[in-house]
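Q: Take a look at the following structure, please.
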Amino acid sequence: MENGAAPTAPAVIVAIDGPSGTGKSSTSKAVAAQLGLSYLDTGAQYRAITWWMVSNGIDTDDPHAVAAAAGKPEIVSGTDPAGPTITVDGVDVAGPIRTPEVTSKVSAVSAVPEIRARITELQRSIAAAAPLGIVVEGRDIGTTVLPDADLKIFLTASAEARAARRSGELKGADVNATREALIKRDAADSSRKTSPLAKAGDAVEVDTTALTLPQVIECVVTLVEEKRAGK
Ligand SMILES: Nc1ncnc2c1ncn2[C@@H]1O[C@H](COP(=O)(O)OP(=O)(O)O)[C@@H](O)[C@H]1O
Ligand SMILES: Nc1ccn([C@@H]2O[C@H](COP(=O)(O)OP(=O)(O)O)[C@@H](O)[C@H]2O)c(=O)n1
């Protein structure tokens with residue numbers, strides 16, 4: 001080395017996709033924190049643009065109205081895994097994007113091609129700017145957003161396990177109603193024309209149904225380390 005500095009590992013890009021409640025956010029955040037990488041929750045970005053549409057009286061069932069407004073809000077994501085942030089036009093929306101209303105409308109908004117084009121561009125620029133690399137989680141990261149990612153993971157879990165996890169978060173929520181809502185959102189996300197929820201051909205599938213969260217984190221950290229070691 002010219003100046004005697006220790007060699008640094010090249011930036012590593014990890015794509016984690018899968019349906020709702022499979023553990024993408026918890027796993028991605030922990031893996032990024034453990035490995036000193038940035039973290040991006042792309043679902044939060046689709047939720048944020050949906051929140052803006054709802055707040056501005058746009059009919060989210062009208063794809064033309066949604067497309068016409070797609071360029072208006074400014075979405076900014078903070079990528080520190082210890083404290084990820086999301087703002088719309090400078091307003092912190094971390095809480096409001098998790099309401100049942102936004103959750104029920106996000107699949108329709110995120111199916112609009114103009115929305116996907118805008119958010120995909122934003123995601124690529126965030127990933128390219130991450131100094132040591134990034135863990136990006138979503139539905140189409142391995143297939144569309146970052147097809148050249150160093151490692152692609154596709155998380156799955158039974159609908160029962162996913163509903164139990166989610167209703168544990170939404171205190172008092174009915175497990176059956178949560179299960180039906182998850183299945184409906186997965187179906188909408190998997191059947192849309194533009195970059196649907198799908199496993200990339202070169203993704204490693206991890207079924208988390210019978211695994212604890214620490215086991216899933218350890219599994220993904222090991223896969224990243226193996227990639228870095230060139231195995
Ligand atoms: N392997 C696991 N076992 C049990 N609970 C889990 C597991 N993975 C995640 N969870 C819990 O399930 C809930 C949903 O996880 P989350 O990471 O938000 O999933 P996703 O981002 O895929 O929707 C969270 O409360 C999380 O703590
Ligand atoms: N890369 C992505 C990420 C999310 N989404 C959309 O955004 C919604 C919310 O994503 P999320 O990751 O917050 O969902 P949860 O599984 O955490 O509830 C999904 O149901 C998809 O409609 C998408 O279309 N593409």
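By convention in this document, the chains of the structure tokens carry letters A, B, ... by their order, each chain's residues are numbered from 1, and ligands are numbered from 1 in the order they are shown.
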Against ligand 2, which residues of chain A fall within 7 Å? For each one I want the closest pair of atoms and the distance in Å (one decimal), counting only C-alpha atoms and all ligand atoms, rows by chain and increasing residue number, as CSV.

A:
```
residue,atom,partner,partner_atom_place_in_ligand_line,distance
A:Pro19,CA,ligand 2,16 (O),6.1
A:Ser20,CA,ligand 2,16 (O),3.1
A:Gly21,CA,ligand 2,16 (O),5.3
A:Ser25,CA,ligand 2,17 (O),6.9
A:Asp41,CA,ligand 2,12 (O),6.9
A:Thr42,CA,ligand 2,3 (C),4.8
A:Gly43,CA,ligand 2,10 (O),3.5
A:Ala44,CA,ligand 2,13 (O),5.1
A:Tyr46,CA,ligand 2,7 (O),4.9
A:Arg47,CA,ligand 2,9 (C),5.9
A:Thr103,CA,ligand 2,9 (C),6.8
A:Val106,CA,ligand 2,22 (O),5.2
A:Ser107,CA,ligand 2,22 (O),3.6
A:Ser110,CA,ligand 2,24 (O),4.9
A:Ala111,CA,ligand 2,24 (O),6.6
A:Glu137,CA,ligand 2,1 (N),6.8
A:Gly138,CA,ligand 2,1 (N),3.6
A:Arg139,CA,ligand 2,1 (N),4.0
A:Asp140,CA,ligand 2,1 (N),4.9
A:Ile141,CA,ligand 2,1 (N),5.9
A:Arg185,CA,ligand 2,20 (O),5.7
A:Asp186,CA,ligand 2,20 (O),6.6
A:Asp189,CA,ligand 2,22 (O),5.3
```

Q: Output the neighbourhood of ligand 1 as a list of chain:residue names, that is, all protein and nucleic acid residues with some atom at most 6 Å from the ligand, counting only C-alpha atoms and all ligand atoms.

A: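 After applying the 6 Å limit, what remains is A:Ser20, A:Gly21, A:Thr22, A:Gly23, A:Lys24, A:Ser25, A:Ser26, A:Arg165, A:Arg166, A:Glu169, A:Thr208, A:Leu211, A:Thr212, A:Leu213.
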
Q: Could the residues in this selection be saved with N, CA and C atoms as a compact mmCIF listing (two decimals), in the first residue's frame?

A:
```txt
# COMPACT_ATOMS: atom_id res chain seq x y z
N SER A 20 -44.32 -10.29 3.45
CA SER A 20 -44.49 -9.60 4.73
C SER A 20 -44.34 -10.56 5.93
N GLY A 21 -43.62 -10.12 6.95
CA GLY A 21 -43.52 -10.88 8.19
C GLY A 21 -42.52 -12.02 8.16
N THR A 22 -41.68 -12.07 7.14
CA THR A 22 -40.68 -13.14 7.07
C THR A 22 -39.43 -12.78 7.88
N GLY A 23 -39.34 -11.51 8.30
CA GLY A 23 -38.20 -11.09 9.12
C GLY A 23 -37.19 -10.22 8.37
N LYS A 24 -37.58 -9.66 7.25
CA LYS A 24 -36.64 -8.86 6.45
C LYS A 24 -36.07 -7.67 7.22
N SER A 25 -36.97 -6.86 7.83
CA SER A 25 -36.48 -5.65 8.51
C SER A 25 -35.59 -5.99 9.69
N SER A 26 -36.06 -6.89 10.57
CA SER A 26 -35.27 -7.21 11.76
C SER A 26 -33.93 -7.81 11.37
N ARG A 165 -46.44 -13.49 14.11
CA ARG A 165 -45.42 -12.47 14.39
C ARG A 165 -46.03 -11.07 14.29
N ARG A 166 -46.79 -10.83 13.23
CA ARG A 166 -47.38 -9.51 13.01
C ARG A 166 -48.42 -9.18 14.07
N GLU A 169 -47.00 -7.94 17.16
CA GLU A 169 -46.58 -6.53 17.11
C GLU A 169 -47.77 -5.59 17.29
N THR A 208 -37.73 -19.22 7.33
CA THR A 208 -37.52 -18.81 8.73
C THR A 208 -38.59 -19.34 9.68
N LEU A 211 -37.08 -21.04 12.59
CA LEU A 211 -35.82 -20.46 13.08
C LEU A 211 -36.10 -19.27 13.99
N THR A 212 -35.24 -19.06 14.99
CA THR A 212 -35.36 -17.85 15.80
C THR A 212 -34.72 -16.71 15.01
N LEU A 213 -35.04 -15.47 15.42
CA LEU A 213 -34.42 -14.33 14.74
C LEU A 213 -32.89 -14.38 14.82
```

Q: DSSP says strand (DSSP E) for which residues of segment 42-115 of chain A? Put them as a list in words?

A: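 Going through segment 42-115 of chain A, the strand (DSSP E) residues come out as Ile75, Val76, Ser77, Gly78, Thr85, Ile86, Thr87, Val88, Val91 and Asp92 of chain A.
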
Q: Taking C-alpha atoms for each residue, export the selection above as an mmCIF file, in the first residue's frame.

A:
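The result, stored in out28.cif:
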```
data_model
loop_
_atom_site.group_PDB
_atom_site.id
_atom_site.type_symbol
_atom_site.label_atom_id
_atom_site.label_comp_id
_atom_site.auth_asym_id
_atom_site.auth_seq_id
_atom_site.Cartn_x
_atom_site.Cartn_y
_atom_site.Cartn_z
ATOM 1 C CA ILE A 75 -38.576 11.161 0.184
ATOM 2 C CA VAL A 76 -35.384 10.990 2.256
ATOM 3 C CA SER A 77 -34.170 7.787 3.963
ATOM 4 C CA GLY A 78 -31.567 7.758 6.737
ATOM 5 C CA THR A 85 -35.231 7.464 9.461
ATOM 6 C CA ILE A 86 -37.767 8.390 6.798
ATOM 7 C CA THR A 87 -39.037 11.878 5.940
ATOM 8 C CA VAL A 88 -41.419 13.273 3.333
ATOM 9 C CA VAL A 91 -41.578 15.720 7.885
ATOM 10 C CA ASP A 92 -40.702 12.653 10.005
#
```

Q: Let me make sure I understand: among A:Ala127, A:Val112, A:Ala164, A:Ala157, which one has the smallest atom-to-atom distance to Thr209 of chain A if we use only C-alpha atoms?

A: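 Going through A:Ala127, A:Val112, A:Ala164, A:Ala157 one by one, the smallest distance to Thr209 of chain A is for A:Ala157.
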
Q: Report the distance between atom CA of Lys193 of chain A and atom CA of Ser125 of chain A in Å, rounded to one decimal place.

A: 23.7 Å

Q: Would you mind listing what lies within 7 Å of segment 33-40 of chain A as a short mmCIF file (atom, residue, chain, number, x, y, z; two decimals) with N, CA and C atoms, in the first residue's frame, with only C-alpha atoms counted and same-chain residues fewer than 3 positions away left out?

A:
```
data_model
loop_
_atom_site.label_atom_id
_atom_site.label_comp_id
_atom_site.auth_asym_id
_atom_site.auth_seq_id
_atom_site.Cartn_x
_atom_site.Cartn_y
_atom_site.Cartn_z
N SER A 28 -32.29 -7.59 8.40
CA SER A 28 -31.44 -6.66 7.64
C SER A 28 -30.76 -5.64 8.54
N LYS A 29 -31.55 -5.10 9.48
CA LYS A 29 -31.00 -4.10 10.40
C LYS A 29 -29.87 -4.70 11.23
N ALA A 30 -30.10 -5.91 11.77
CA ALA A 30 -29.10 -6.53 12.64
C ALA A 30 -27.85 -6.93 11.86
N THR A 79 -29.90 5.97 6.62
CA THR A 79 -29.52 4.56 6.46
C THR A 79 -28.66 3.99 7.58
N ASP A 80 -28.66 4.63 8.76
CA ASP A 80 -27.94 4.07 9.91
C ASP A 80 -28.80 2.94 10.49
N PRO A 81 -28.31 1.70 10.52
CA PRO A 81 -29.15 0.61 11.02
C PRO A 81 -29.53 0.78 12.49
N ALA A 82 -28.77 1.58 13.24
CA ALA A 82 -29.10 1.80 14.66
C ALA A 82 -30.26 2.78 14.81
N ALA A 130 -23.35 4.32 -0.45
CA ALA A 130 -23.02 3.73 0.86
C ALA A 130 -21.52 3.41 0.89
N LEU A 132 -19.35 1.66 2.82
CA LEU A 132 -18.82 0.30 3.05
C LEU A 132 -19.73 -0.77 2.49
N GLY A 133 -20.87 -0.34 1.95
CA GLY A 133 -21.85 -1.29 1.43
C GLY A 133 -23.15 -1.15 2.18
N ILE A 134 -24.14 -1.94 1.79
CA ILE A 134 -25.49 -1.72 2.31
C ILE A 134 -26.30 -3.02 2.27
N VAL A 135 -27.21 -3.14 3.21
CA VAL A 135 -28.21 -4.20 3.16
C VAL A 135 -29.52 -3.52 2.77
N VAL A 136 -30.08 -3.94 1.63
CA VAL A 136 -31.32 -3.33 1.13
C VAL A 136 -32.41 -4.39 1.16
N GLU A 137 -33.54 -4.08 1.83
CA GLU A 137 -34.61 -5.08 1.93
C GLU A 137 -35.88 -4.60 1.24
#
```

Q: Between A:Asp207, A:Ile119, A:Ala173, A:Glu218, which residue has the minimum interatomic distance to Ala159 of chain A, considering only C-alpha atoms?

A: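 Looking at the shortest contact to Ala159 of chain A, the residue is A:Asp207.
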
Q: Name the closest residue to Val220 of chain A among the candidates A:Leu146, A:Ile97, A:Ala200, A:Ala32; distances are taken between atoms, counting only C-alpha atoms.

A: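 Going through A:Leu146, A:Ile97, A:Ala200, A:Ala32 one by one, the smallest distance to Val220 of chain A is for A:Ala32.
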
Q: Looking at only C-alpha atoms, which of A:Val145, A:Ile115, A:Ala229, A:Ala108 is the one that sits closest to Pro73 of chain A?

A: A:Ile115

Q: May I ask which of the residues A:Gln45, A:Ser195, A:Val109, A:Ile153 is the closest one to Leu122 of chain A, counting only C-alpha atoms?

A: A:Gln45

Q: Atom CA of Glu114 of chain A to atom CA of Ala70 of chain A: how many Å, to one decimal?

A: 6.3 Å
